[in-house]
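Okay, structure first, notes after.
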Amino acid sequence: MSGHSHWSGIKYKKAAVDAKRGKIWSKVARMIIVAAKSGGGDPTANLSLRYAIDKAKAANMPKDTIEKAIKKGTGEVEGVNFEEVLYEGYGPAGVAIMVEALTDNRNRTTPEIKRIFERHGGSLGTSGCVGWMFTKKGLITVSTGNIDEDELLEIALAAGADDMKNTGSIYELTCEPDAYEELKKALQEKEIPTEVAEISMVPQNTVPISDEQTAKKIISLMEAFEDHDDVQNTSINFDIPDEIMARIS
C-alpha cells in the first residue's frame with residue numbers, strides 16, 4: 001500500500017498550496033454541501049459531514065464559510081446542486097485509477113476527465129472496471145521518527161485499527177471507515193502527529209513502477225486530476241520506490 005500513501009502525501013502537500021489560493025476551499029465546500037444534503041446539517045449525527053468539516057478546518061476555512069456551505073446543503077440558503085460521480089480507468093503501465101468527483105454538470109465533467117486520461121497516456125474505462133481492486137478504508141500515516149513502533153501498534157489496535165505497516169519512513173495505519181474517527185481521536189489525545197489522515201479507496205494490490213519516466217507520467221496524470229475543480233479525490237494502485245519518488249516529487 002506504500003504507493004497509495006506516497007500519493008496521499010503528495011496530495012496533502014499540494015492541498016496546503018491550494019488552500020493558500022482558495023482552491024481547496026471550493027472543493028471542501030462542495031463536500032460539505034453534499035454531505036449536509038444527504039445526511040442533515042448536524043455533524044454529531046452525520047459522519048460524512050463531520051469528516052468534511054474536519055477537512056475544512058485543516059484547510060483553515062473560515063467558520064462562517066463552513067456554516068454557509070452547510071446551509072446550502074440543508075436548503076436554508078439557495079445553492080448549486082452537485083452530484084457524485086465516480087470515474088474508473090487506467091494510467092501508464094496499466095495502473096488502476098479511481099476519480100471521485102462532485103459536479104453540477106456531468107455532461108461537462110465526463111469529457112474533461114476523459115481528456116485528462118488520454119493526454120497523459122491513460123484511458124477512461126467503464127464503471128466497475130477497476131473498482132473491485134480497491135477497498136474503502138480509513139488511512140492514517142505517522143512518521144517512524146515520531147513514536148516507537150510497538151507503542152503505536154498498541155494504541156492503534158486499541159482504537160480500532162485493523163492493520164499497521166512499517167514502510168521505512170512511515171507507519172501506515174488502516175481501519176474500517178466507521179472506526180476512523182475513533183482512531184484519529186486516539187492519536188490526537190496521545191499528541192501523535194499524523195502526516196495523512198483520510199477515508200479513501202485503498203488498493204488491495206499494487207503495480208511496481210521501476211522506470212522513472214513512467215513514474216513521472218503517472219504523477220503528472222494524478223496532479224492533472226487534482227487540479228480539476230470537480231475532482232474531490234483520486235486513488236491509484238502504483239508502487240514507486242522511495243528513491244524514485246524523491247527524485248520526481
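For the C-alpha cells, the naming scheme is as follows: chains receive sequential letters (A, B, ...) according to their order of presentation, residues are indexed from 1 within each chain, and ligands are indexed from 1 in presentation order.
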
Hey, what's within 10 Å of Ser38 in chain A if we count only C-alpha atoms and toss same-chain stuff fewer than 5 positions away? As a short mmCIF file (atom, residue, chain, number, x, y, z; two decimals) with all heavy atoms, in the first residue's frame, please?
```
data_model
loop_
_atom_site.label_atom_id
_atom_site.label_comp_id
_atom_site.auth_asym_id
_atom_site.auth_seq_id
_atom_site.Cartn_x
_atom_site.Cartn_y
_atom_site.Cartn_z
N ILE A 33 -21.52 20.61 1.31
CA ILE A 33 -22.88 20.77 0.76
C ILE A 33 -23.52 19.41 0.51
O ILE A 33 -24.67 19.16 0.90
CB ILE A 33 -22.83 21.60 -0.54
CG1 ILE A 33 -22.47 23.05 -0.24
CG2 ILE A 33 -24.17 21.54 -1.27
CD1 ILE A 33 -22.13 23.89 -1.46
N ASN A 46 -24.05 13.10 11.62
CA ASN A 46 -23.73 12.91 10.21
C ASN A 46 -22.21 12.77 10.07
O ASN A 46 -21.49 13.76 10.05
CB ASN A 46 -24.25 14.10 9.39
CG ASN A 46 -24.03 13.93 7.90
OD1 ASN A 46 -23.24 13.10 7.45
ND2 ASN A 46 -24.72 14.74 7.11
N SER A 48 -20.31 11.83 7.59
CA SER A 48 -19.74 12.40 6.36
C SER A 48 -19.56 13.91 6.50
O SER A 48 -18.55 14.47 6.05
CB SER A 48 -20.64 12.10 5.17
OG SER A 48 -20.69 10.71 4.91
N LEU A 49 -20.52 14.55 7.15
CA LEU A 49 -20.42 16.00 7.35
C LEU A 49 -19.29 16.32 8.33
O LEU A 49 -18.54 17.27 8.12
CB LEU A 49 -21.75 16.55 7.87
CG LEU A 49 -21.78 18.06 8.15
CD1 LEU A 49 -21.45 18.86 6.89
CD2 LEU A 49 -23.14 18.47 8.70
N GLY A 73 -26.44 23.07 1.80
CA GLY A 73 -26.77 21.65 1.70
C GLY A 73 -28.13 21.32 2.27
O GLY A 73 -28.86 20.48 1.73
N THR A 74 -28.50 21.99 3.36
CA THR A 74 -29.80 21.71 4.00
C THR A 74 -30.94 22.47 3.34
O THR A 74 -32.11 22.26 3.68
CB THR A 74 -29.74 22.06 5.49
OG1 THR A 74 -29.37 23.44 5.65
CG2 THR A 74 -28.74 21.17 6.22
#
```

Do you know which residues are at most 9 Å from Leu153 in chain A counting only C-alpha atoms, after dropping those on the same chain fewer than 5 positions away, and could you put them as an NGL selection string? :A and (148 or 158 or 161 or 163-164 or 173)

Which of range 11-230 of chain A counts as strand (DSSP E) under DSSP, as a ChimeraX atom specification please? /A:83-90,96-103,123-124,134-143,161-166,170-175,196-203,207-208

Considering only alpha helix (DSSP H) as DSSP defines it on the backbone, what residues of range 40-195 of chain A qualify? List them as a PDB file with C-alpha atoms, in the first residue's frame.
```pdb
ATOM      1  CA  LEU A  47     -20.300  11.253   9.956  1.00  0.00           C
ATOM      2  CA  SER A  48     -19.742  12.405   6.364  1.00  0.00           C
ATOM      3  CA  LEU A  49     -20.422  15.996   7.354  1.00  0.00           C
ATOM      4  CA  ARG A  50     -18.113  15.761  10.362  1.00  0.00           C
ATOM      5  CA  TYR A  51     -15.355  14.397   8.111  1.00  0.00           C
ATOM      6  CA  ALA A  52     -15.900  17.227   5.609  1.00  0.00           C
ATOM      7  CA  ILE A  53     -15.830  19.858   8.361  1.00  0.00           C
ATOM      8  CA  ASP A  54     -12.560  18.387   9.672  1.00  0.00           C
ATOM      9  CA  LYS A  55     -11.084  18.798   6.187  1.00  0.00           C
ATOM     10  CA  ALA A  56     -12.357  22.373   6.053  1.00  0.00           C
ATOM     11  CA  LYS A  57     -10.770  23.207   9.404  1.00  0.00           C
ATOM     12  CA  ALA A  58      -7.495  21.596   8.321  1.00  0.00           C
ATOM     13  CA  LYS A  63     -16.220  29.274  10.288  1.00  0.00           C
ATOM     14  CA  ASP A  64     -18.837  31.375   8.505  1.00  0.00           C
ATOM     15  CA  THR A  65     -17.874  29.815   5.151  1.00  0.00           C
ATOM     16  CA  ILE A  66     -18.349  26.339   6.642  1.00  0.00           C
ATOM     17  CA  GLU A  67     -21.736  27.311   8.102  1.00  0.00           C
ATOM     18  CA  LYS A  68     -22.871  28.795   4.793  1.00  0.00           C
ATOM     19  CA  ALA A  69     -21.950  25.583   2.961  1.00  0.00           C
ATOM     20  CA  ILE A  70     -23.945  23.550   5.482  1.00  0.00           C
ATOM     21  CA  LYS A  71     -26.974  25.805   4.978  1.00  0.00           C
ATOM     22  CA  LYS A  72     -26.687  25.404   1.207  1.00  0.00           C
ATOM     23  CA  GLY A  73     -26.770  21.655   1.702  1.00  0.00           C
ATOM     24  CA  THR A  74     -29.800  21.708   4.001  1.00  0.00           C
ATOM     25  CA  ARG A 106     -21.934  15.678 -15.673  1.00  0.00           C
ATOM     26  CA  ASN A 107     -22.025  16.363 -19.435  1.00  0.00           C
ATOM     27  CA  ARG A 108     -19.167  18.833 -18.987  1.00  0.00           C
ATOM     28  CA  THR A 109     -17.115  16.908 -16.443  1.00  0.00           C
ATOM     29  CA  THR A 110     -17.086  13.474 -18.112  1.00  0.00           C
ATOM     30  CA  PRO A 111     -15.393  14.507 -21.378  1.00  0.00           C
ATOM     31  CA  GLU A 112     -12.926  16.655 -19.431  1.00  0.00           C
ATOM     32  CA  ILE A 113     -11.919  13.693 -17.256  1.00  0.00           C
ATOM     33  CA  LYS A 114     -11.644  11.524 -20.376  1.00  0.00           C
ATOM     34  CA  ARG A 115      -9.293  14.050 -21.985  1.00  0.00           C
ATOM     35  CA  ILE A 116      -7.076  14.158 -18.892  1.00  0.00           C
ATOM     36  CA  PHE A 117      -6.710  10.373 -19.013  1.00  0.00           C
ATOM     37  CA  GLU A 118      -5.845  10.410 -22.713  1.00  0.00           C
ATOM     38  CA  ARG A 119      -3.403  13.345 -22.603  1.00  0.00           C
ATOM     39  CA  GLU A 149       6.567   1.005  16.589  1.00  0.00           C
ATOM     40  CA  ASP A 150       5.319  -1.238  19.402  1.00  0.00           C
ATOM     41  CA  GLU A 151       3.845   1.715  21.280  1.00  0.00           C
ATOM     42  CA  LEU A 152       1.978   2.942  18.197  1.00  0.00           C
ATOM     43  CA  LEU A 153       0.726  -0.555  17.413  1.00  0.00           C
ATOM     44  CA  GLU A 154      -0.740  -0.918  20.902  1.00  0.00           C
ATOM     45  CA  ILE A 155      -2.519   2.446  20.694  1.00  0.00           C
ATOM     46  CA  ALA A 156      -3.773   1.826  17.150  1.00  0.00           C
ATOM     47  CA  LEU A 157      -5.171  -1.637  17.777  1.00  0.00           C
ATOM     48  CA  ALA A 158      -6.952  -0.480  20.940  1.00  0.00           C
ATOM     49  CA  TYR A 180     -11.677   6.209  11.514  1.00  0.00           C
ATOM     50  CA  GLU A 181     -12.877   8.953  13.874  1.00  0.00           C
ATOM     51  CA  GLU A 182     -12.013   6.912  16.974  1.00  0.00           C
ATOM     52  CA  LEU A 183      -8.538   6.071  15.670  1.00  0.00           C
ATOM     53  CA  LYS A 184      -7.823   9.669  14.700  1.00  0.00           C
ATOM     54  CA  LYS A 185      -9.054  10.894  18.108  1.00  0.00           C
ATOM     55  CA  ALA A 186      -6.858   8.379  19.954  1.00  0.00           C
ATOM     56  CA  LEU A 187      -3.751   9.603  18.136  1.00  0.00           C
ATOM     57  CA  GLN A 188      -4.672  13.244  18.790  1.00  0.00           C
ATOM     58  CA  GLU A 189      -5.152  12.567  22.513  1.00  0.00           C
TER      59      GLU A 189
END
```

Take CA of Met201 in chain A and CA of Leu86 in chain A and report the distance between them in Å, one decimal. 11.6 Å

What separation in Å, quoted to one decimal, exists between CA of Gly89 in chain A and CA of Gly122 in chain A?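 According to the coordinates, CA of Gly89 in chain A and CA of Gly122 in chain A are separated by 7.4 Å.
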
Tell me which protein, DNA and RNA residues are within 8 Å of Lys27 in chain A, counting only C-alpha atoms, leaving out same-chain ones fewer than 2 positions away, and put them as a PyMOL selection string. chain A and resi 23-25+29-31+229-232

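Shortest atom-to-atom contact with Ser200 in chain A among A:Val80, A:Cys175, A:Ala224, A:Ala45: A:Cys175, counting only C-alpha atoms.
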
Considering only C-alpha atoms, return as a ChimeraX atom specification whatever protein or nucleic-acid residues lie within 7 Å of Phe82 in chain A, sequence-local ones (same chain, fewer than 2 positions apart) excluded. /A:34,80,84,102-104

Shell of 10 Å around Asn166 in chain A, only C-alpha atoms, local chain residues under 5 positions omitted, as a list in words: Ser2, Thr141, Val142, Ser143, Thr144, Glu149, Tyr171, Glu172 and Leu173 of chain A

Mind writing the picked residues with C-alpha atoms as an mmCIF file, in the first residue's frame?
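Written out: selection.cif:
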```
data_model
loop_
_atom_site.group_PDB
_atom_site.id
_atom_site.type_symbol
_atom_site.label_atom_id
_atom_site.label_comp_id
_atom_site.auth_asym_id
_atom_site.auth_seq_id
_atom_site.Cartn_x
_atom_site.Cartn_y
_atom_site.Cartn_z
ATOM 1 C CA SER A 2 3.032 2.285 0.078
ATOM 2 C CA THR A 141 0.224 7.713 8.370
ATOM 3 C CA VAL A 142 2.718 8.565 11.106
ATOM 4 C CA SER A 143 6.432 9.281 10.666
ATOM 5 C CA THR A 144 8.573 6.471 12.068
ATOM 6 C CA GLU A 149 6.567 1.005 16.589
ATOM 7 C CA TYR A 171 3.795 3.720 9.626
ATOM 8 C CA GLU A 172 0.600 3.107 7.653
ATOM 9 C CA LEU A 173 -2.487 2.554 9.784
#
```

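If you measure from each of A:Val99, A:Ile192, A:Asn146, A:Gly138 to Ile170 in chain A using only C-alpha atoms, the closest one turns out to be A:Asn146.
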
Pick from A:Ile140, A:Leu221, A:Ala179, A:Ala159 nearest to Ser123 in chain A, counting only C-alpha atoms: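 Answer, going by the shortest atom-to-atom distance: A:Leu221.
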
Neighbours of Trp132 in chain A within 12 Å (only C-alpha atoms; same-chain residues fewer than 2 positions away dropped), as a PyMOL selection string? chain A and resi 88+96-98+127-130+134-136+201-205+237

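Here CA of Ile32 in chain A is placed at a distance of 13.2 Å from CA of Ala59 in chain A.
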